[in-house]
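Novice: The structure under discussion is supplied below as structure tokens; questions concerning it will follow.
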Amino acid sequence: MNSIINFDNGHCVDHIAVGVKDTEEGVEWITELTGVKPSLVEPEPDQWYWSAALNLGKNCFLEIIGPNQNHKGFQPIKQMLKDFEVPSLFFWYIGTHNFELAKSIIEKYDFRLERIEDISYKRDDDIIDYKRAIIGRGFNSERPCIIQWNSRPKRLDAVKECSFKSLALSFPNPKNLNDLFSELQIDLQVKEGDAQMILTFDSPKGEIVLKGGGFEFSGLRAIPKMARLYTKYLSGL
């Protein structure tokens with residue numbers, strides 16, 4: 001491969017997640033907005049989220065992600081999604097051909113891969129198999145998550161009526177993230193400014209622009225956020 005990052009789709013983005021407080025309502029919203037109904041199947045085994053997929057072209061999709069109501073126990077991002085009043089861009093993934101090589105480069109820039117997971121399961125005659133992680137420390141929306149697909153779900157190749165155009169990112173302290181992007185050959189830059197994510201794509205109903213302020217969940221500042229989320233979780237029991 002010529003690149004660590006998967007550019008089979010012409011850009012670095014594998015998928016972008018828009019957070020919603022209810023997945024089924026999120027599917028209805030996207031269907032009305034775009035004229036295309038996202039693919040929704042049962043939640044992945046033992047996961048706190050339930051998500052649908054809107055194909056944005058080859059090897060790229062919009063994930064509509066909400067809480068899995070059947071998931072038991074406290075999970076901070078699940079609890080956070082329950083508070084979303086309006087859908088908002090939340091996080092994004094790059095695809096890689098070589099997970100371990102990407103990991104070694106990321107660590108050179110004083111980041112690290114966290115929550116590394118190997119996911120593999122079968123749904124009907126479809127085999128889903130991938131490895132994923134977030135670029136930490138902690139979670140910041142300007143930093144992509146990373147995924148290496150061994151077997152993509154067939155539903156991601158189903159309907160291709162929408163097409164990715166661009167993803168723009170700005171955050172107050174991009175630090176050395178852009179240097180990392182350059183070495184990984186990620187074809188976008190994080191601009192310095194107010195926290196914002198902007199996704200633009202074409203649909204049967206015209207150009208669609210989705211936005212979000214992203215979020216930060218890392219370091220000491222995560223402690224009061226975690227406490228508030230856990231208090232809300234306990235009040236709902």
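Ligands are numbered from 1 in the order shown, chains are lettered A, B, ... in the order of the structure tokens, and residues start at 1 in each chain.
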Can you list, as number ranges by chain, every residue of range 33-228 of chain A that DSSP puts in alpha helix (DSSP H)?

Specialist: A: 33-34, 76-81, 99-108, 177-184, 222-228

Novice: Would you list the contacts of range 76-82 of chain A as an mmCIF file with N, CA and C atoms, in the first residue's frame, taking every protein, DNA or RNA residue within 12 Å and counting only C-alpha atoms, but skipping same-chain residues closer than 6 positions in sequence?

Specialist:
data_model
loop_
_atom_site.group_PDB
_atom_site.id
_atom_site.type_symbol
_atom_site.label_atom_id
_atom_site.label_comp_id
_atom_site.auth_asym_id
_atom_site.auth_seq_id
_atom_site.Cartn_x
_atom_site.Cartn_y
_atom_site.Cartn_z
ATOM 1 N N ALA A 17 -19.775 10.435 12.804
ATOM 2 C CA ALA A 17 -20.950 10.135 13.618
ATOM 3 C C ALA A 17 -21.704 11.407 13.973
ATOM 4 N N VAL A 18 -23.023 11.365 13.796
ATOM 5 C CA VAL A 18 -23.888 12.422 14.292
ATOM 6 C C VAL A 18 -24.658 11.840 15.470
ATOM 7 N N GLY A 19 -24.545 12.477 16.622
ATOM 8 C CA GLY A 19 -25.168 11.980 17.838
ATOM 9 C C GLY A 19 -26.620 12.402 17.930
ATOM 10 N N VAL A 20 -27.472 11.466 18.334
ATOM 11 C CA VAL A 20 -28.901 11.725 18.518
ATOM 12 C C VAL A 20 -29.336 11.078 19.829
ATOM 13 N N LYS A 21 -30.399 11.609 20.424
ATOM 14 C CA LYS A 21 -30.851 11.033 21.695
ATOM 15 C C LYS A 21 -31.703 9.788 21.502
ATOM 16 N N ASP A 22 -32.231 9.598 20.276
ATOM 17 C CA ASP A 22 -33.025 8.418 19.957
ATOM 18 C C ASP A 22 -32.679 7.985 18.533
ATOM 19 N N THR A 23 -32.194 6.769 18.360
ATOM 20 C CA THR A 23 -31.699 6.330 17.057
ATOM 21 C C THR A 23 -32.806 6.280 16.008
ATOM 22 N N GLY A 26 -33.622 9.615 14.926
ATOM 23 C CA GLY A 26 -32.521 10.116 14.118
ATOM 24 C C GLY A 26 -32.596 9.614 12.685
ATOM 25 N N GLN A 47 -22.954 -3.759 23.026
ATOM 26 C CA GLN A 47 -22.506 -2.375 22.909
ATOM 27 C C GLN A 47 -23.532 -1.409 23.511
ATOM 28 N N TRP A 48 -23.046 -0.265 23.996
ATOM 29 C CA TRP A 48 -23.898 0.728 24.641
ATOM 30 C C TRP A 48 -24.669 1.582 23.632
ATOM 31 N N TYR A 49 -24.306 1.511 22.363
ATOM 32 C CA TYR A 49 -24.910 2.367 21.342
ATOM 33 C C TYR A 49 -25.750 1.547 20.364
ATOM 34 N N TRP A 50 -26.611 2.267 19.640
ATOM 35 C CA TRP A 50 -27.381 1.696 18.542
ATOM 36 C C TRP A 50 -27.242 2.673 17.386
ATOM 37 N N SER A 51 -26.741 2.206 16.249
ATOM 38 C CA SER A 51 -26.462 3.148 15.173
ATOM 39 C C SER A 51 -27.000 2.675 13.835
ATOM 40 N N ILE A 64 -25.429 7.395 12.324
ATOM 41 C CA ILE A 64 -26.417 8.051 13.177
ATOM 42 C C ILE A 64 -26.445 7.249 14.465
ATOM 43 N N ILE A 65 -25.902 7.813 15.529
ATOM 44 C CA ILE A 65 -25.650 7.020 16.739
ATOM 45 C C ILE A 65 -26.420 7.562 17.937
ATOM 46 N N GLY A 66 -27.133 6.666 18.583
ATOM 47 C CA GLY A 66 -27.868 7.001 19.794
ATOM 48 C C GLY A 66 -27.653 5.920 20.839
ATOM 49 N N PRO A 67 -28.221 6.094 22.020
ATOM 50 C CA PRO A 67 -28.036 5.103 23.086
ATOM 51 C C PRO A 67 -28.807 3.813 22.807
ATOM 52 N N ASN A 68 -28.204 2.701 23.160
ATOM 53 C CA ASN A 68 -28.887 1.402 23.120
ATOM 54 C C ASN A 68 -29.689 1.277 24.413
ATOM 55 N N GLN A 69 -31.002 1.364 24.311
ATOM 56 C CA GLN A 69 -31.848 1.372 25.503
ATOM 57 C C GLN A 69 -31.800 0.044 26.259
ATOM 58 N N ASN A 70 -31.342 -1.012 25.593
ATOM 59 C CA ASN A 70 -31.261 -2.318 26.255
ATOM 60 C C ASN A 70 -29.923 -2.547 26.959
ATOM 61 N N SER A 88 -26.125 16.381 16.559
ATOM 62 C CA SER A 88 -24.876 17.137 16.496
ATOM 63 C C SER A 88 -23.727 16.214 16.095
ATOM 64 N N LEU A 89 -22.844 16.701 15.215
ATOM 65 C CA LEU A 89 -21.658 15.916 14.878
ATOM 66 C C LEU A 89 -20.859 15.660 16.147
ATOM 67 N N PHE A 90 -20.322 14.446 16.233
ATOM 68 C CA PHE A 90 -19.836 13.970 17.519
ATOM 69 C C PHE A 90 -18.391 13.483 17.465
ATOM 70 N N PHE A 91 -18.078 12.619 16.492
ATOM 71 C CA PHE A 91 -16.717 12.118 16.325
ATOM 72 C C PHE A 91 -16.555 11.609 14.900
ATOM 73 N N PHE A 139 -10.598 11.837 25.158
ATOM 74 C CA PHE A 139 -11.365 11.947 23.905
ATOM 75 C C PHE A 139 -11.565 13.410 23.565
ATOM 76 N N PHE A 215 -16.772 17.588 21.332
ATOM 77 C CA PHE A 215 -16.685 17.591 22.786
ATOM 78 C C PHE A 215 -15.312 17.132 23.228
ATOM 79 N N GLU A 216 -15.006 17.434 24.465
ATOM 80 C CA GLU A 216 -13.728 17.040 25.059
ATOM 81 C C GLU A 216 -14.015 16.266 26.325
ATOM 82 N N PHE A 217 -13.358 15.126 26.461
ATOM 83 C CA PHE A 217 -13.557 14.293 27.638
ATOM 84 C C PHE A 217 -12.199 13.729 28.035
ATOM 85 N N ALA A 222 -12.474 16.249 32.779
ATOM 86 C CA ALA A 222 -13.463 15.191 32.599
ATOM 87 C C ALA A 222 -14.128 14.794 33.907
ATOM 88 N N ILE A 223 -13.490 15.094 35.031
ATOM 89 C CA ILE A 223 -14.008 14.630 36.321
ATOM 90 C C ILE A 223 -15.375 15.223 36.642
ATOM 91 N N PRO A 224 -15.548 16.571 36.588
ATOM 92 C CA PRO A 224 -16.886 17.098 36.877
ATOM 93 C C PRO A 224 -17.930 16.664 35.849
ATOM 94 N N LYS A 225 -17.545 16.504 34.572
ATOM 95 C CA LYS A 225 -18.485 16.014 33.564
ATOM 96 C C LYS A 225 -18.942 14.600 33.916
ATOM 97 N N MET A 226 -17.987 13.756 34.289
ATOM 98 C CA MET A 226 -18.310 12.379 34.652
ATOM 99 C C MET A 226 -19.235 12.345 35.864
ATOM 100 N N ALA A 227 -18.981 13.197 36.832
ATOM 101 C CA ALA A 227 -19.810 13.235 38.037
ATOM 102 C C ALA A 227 -21.246 13.642 37.705
ATOM 103 N N ARG A 228 -21.406 14.658 36.837
ATOM 104 C CA ARG A 228 -22.753 15.098 36.456
ATOM 105 C C ARG A 228 -23.495 13.991 35.699
ATOM 106 N N LEU A 229 -22.795 13.338 34.772
ATOM 107 C CA LEU A 229 -23.428 12.272 33.999
ATOM 108 C C LEU A 229 -23.833 11.096 34.884
ATOM 109 N N TYR A 230 -22.969 10.767 35.848
ATOM 110 C CA TYR A 230 -23.282 9.642 36.732
ATOM 111 C C TYR A 230 -24.457 9.976 37.647
ATOM 112 N N THR A 231 -24.529 11.225 38.079
ATOM 113 C CA THR A 231 -25.669 11.657 38.913
ATOM 114 C C THR A 231 -26.969 11.546 38.136
ATOM 115 N N LYS A 232 -26.948 11.938 36.850
ATOM 116 C CA LYS A 232 -28.145 11.821 36.015
ATOM 117 C C LYS A 232 -28.528 10.358 35.821
ATOM 118 N N TYR A 233 -27.496 9.522 35.634
ATOM 119 C CA TYR A 233 -27.760 8.094 35.471
ATOM 120 C C TYR A 233 -28.454 7.543 36.727
ATOM 121 N N LEU A 234 -27.943 7.892 37.907
ATOM 122 C CA LEU A 234 -28.534 7.386 39.147
ATOM 123 C C LEU A 234 -29.956 7.887 39.343
ATOM 124 N N SER A 235 -30.217 9.110 38.921
ATOM 125 C CA SER A 235 -31.568 9.673 39.088
ATOM 126 C C SER A 235 -32.584 8.999 38.180
ATOM 127 N N GLY A 236 -32.106 8.337 37.135
ATOM 128 C CA GLY A 236 -33.012 7.653 36.214
ATOM 129 C C GLY A 236 -33.273 6.205 36.573
#

Novice: Choose the residue, out of A:Arg112, A:Lys205, A:Lys211, A:Lys165, that has the smallest atom-to-atom separation from Glu32 in chain A; count only C-alpha atoms.

Specialist: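 Among the listed residues, the smallest separation from Glu32 in chain A belongs to A:Lys205.
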
Novice: If we count only C-alpha atoms, what is near Tyr109 in chain A at a cut-off of 10 Å, once residues fewer than 5 positions away on the same chain are taken out, given as a ChimeraX atom specification?

Specialist: /A:104,176-177,179-180,183

Novice: Could you take the residues named above and write them with N, CA and C atoms, as a short mmCIF file (atom, residue, chain, number, x, y, z; two decimals), in the first residue's frame?

Specialist:
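As written to disk, again_8.cif reads:
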data_model
loop_
_atom_site.label_atom_id
_atom_site.label_comp_id
_atom_site.auth_asym_id
_atom_site.auth_seq_id
_atom_site.Cartn_x
_atom_site.Cartn_y
_atom_site.Cartn_z
N SER A 104 2.36 3.17 15.88
CA SER A 104 3.73 3.58 16.17
C SER A 104 3.96 5.05 15.80
N ASN A 176 0.08 19.71 18.28
CA ASN A 176 0.87 19.08 17.22
C ASN A 176 0.08 18.07 16.41
N LEU A 177 -1.24 18.20 16.49
CA LEU A 177 -2.10 17.26 15.77
C LEU A 177 -1.90 17.36 14.26
N ASP A 179 0.80 18.12 12.67
CA ASP A 179 2.06 17.45 12.31
C ASP A 179 1.84 15.94 12.19
N LEU A 180 1.05 15.40 13.11
CA LEU A 180 0.71 13.99 13.04
C LEU A 180 -0.07 13.69 11.76
N GLU A 183 2.24 13.43 8.76
CA GLU A 183 3.01 12.19 8.62
C GLU A 183 2.11 11.00 8.25
#

Novice: Calculate how many Å separate CA of His97 in chain A from CA of Glu161 in chain A, rounding to one decimal.

Specialist: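 Taking CA of His97 in chain A and CA of Glu161 in chain A, their separation equals 26.3 Å.
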
Novice: Taking into account only C-alpha atoms, which residue in the set A:Phe61, A:Phe74, A:Phe99, A:Phe164 is nearest to Glu207 in chain A?

Specialist: A:Phe164

Novice: A:Gly73, A:Pro45, A:Pro153, A:Pro38: which is nearest Asn59 in chain A, counting only C-alpha atoms?

Specialist: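 Distance minimum relative to Asn59 in chain A lands on A:Pro153.
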
Novice: Nearest to Ala52 in chain A: which of A:Lys191, A:Asn140, A:Asp118, A:Arg155 is it, counting only C-alpha atoms?

Specialist: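 Under the stated criterion, the closest residue is A:Arg155.
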
Novice: So which residues touch Glu107 in chain A within 10 Å, counting only C-alpha atoms, skipping near sequence neighbours fewer than 6 positions away, as a list in words?

Specialist: Leu113, Ile135, Gly136 and Leu180 of chain A

Novice: I need the residue nearest Leu184 in chain A from this list: A:Gly57, A:Pro43, A:Gly35, A:Gly95. Use only C-alpha atoms for the distance.

Specialist: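 So, comparing all the options, the nearest one is A:Gly95.
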
Novice: From the list A:Ile198, A:Leu188, A:Leu156, A:Ala133, which residue is nearest Leu40 in chain A when using only C-alpha atoms?

Specialist: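 Under the stated criterion, the closest residue is A:Leu156.
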
Novice: Show me, as a ChimeraX atom specification, the residues that have an atom within 9 Å of Asp187 in chain A when counting only C-alpha atoms, minus same-chain residues fewer than 4 positions from it.

Specialist: /A:11-12,181-182

Novice: Next, the residues of the selection above should be written as a compact mmCIF listing (two decimals), in the first residue's frame with N, CA and C atoms.

Specialist:
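See result.txt below for the written result:
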# COMPACT_ATOMS: atom_id res chain seq x y z
N HIS A 11 -10.42 10.13 -0.09
CA HIS A 11 -10.11 11.01 1.05
C HIS A 11 -9.87 10.14 2.27
N CYS A 12 -9.60 10.75 3.41
CA CYS A 12 -9.17 9.97 4.57
C CYS A 12 -10.31 9.52 5.48
N PHE A 181 -1.06 14.54 11.45
CA PHE A 181 -1.85 14.36 10.24
C PHE A 181 -0.94 14.33 9.01
N SER A 182 0.05 15.22 8.99
CA SER A 182 0.94 15.30 7.84
C SER A 182 1.71 13.99 7.66

Novice: If you run DSSP on the backbone here, which positions in range 45-169 of chain A get strand (DSSP E or B)? Please write them as a ChimeraX atom specification.

Specialist: /A:49-55,61-67,88-96,112-123,126-136,139-140,145-151,163-169

Novice: So how far away is CA of Val159 in chain A from CA of Trp29 in chain A, in Å?

Specialist: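 CA of Val159 in chain A lies at a distance of 17.5 Å from CA of Trp29 in chain A.
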
Novice: When you look at Phe7 in chain A with a cut-off of 9 Å (counting only C-alpha atoms), what residues show up, excluding the ones that are within fewer than 6 positions of it in the same chain? I need them as a list in words.

Specialist: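 With the cut-off at 9 Å, the set is Val13, Asp14, Gly95 and Thr96 of chain A.
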
Novice: Write the residues of the selection above to a file with C-alpha atoms, as a short mmCIF file (atom, residue, chain, number, x, y, z; two decimals), in the first residue's frame.

Specialist:
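This is the output file part30.cif:
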data_model
loop_
_atom_site.label_atom_id
_atom_site.label_comp_id
_atom_site.auth_asym_id
_atom_site.auth_seq_id
_atom_site.Cartn_x
_atom_site.Cartn_y
_atom_site.Cartn_z
CA VAL A 13 -12.60 9.80 6.22
CA ASP A 14 -14.05 6.36 6.88
CA GLY A 95 -9.47 4.01 7.97
CA THR A 96 -6.05 2.38 7.96
#

Novice: Quick one: pull the distance between CA of Asn98 in chain A and CA of Lys175 in chain A, Å, one decimal.

Specialist: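 So the answer is 24.8 Å.
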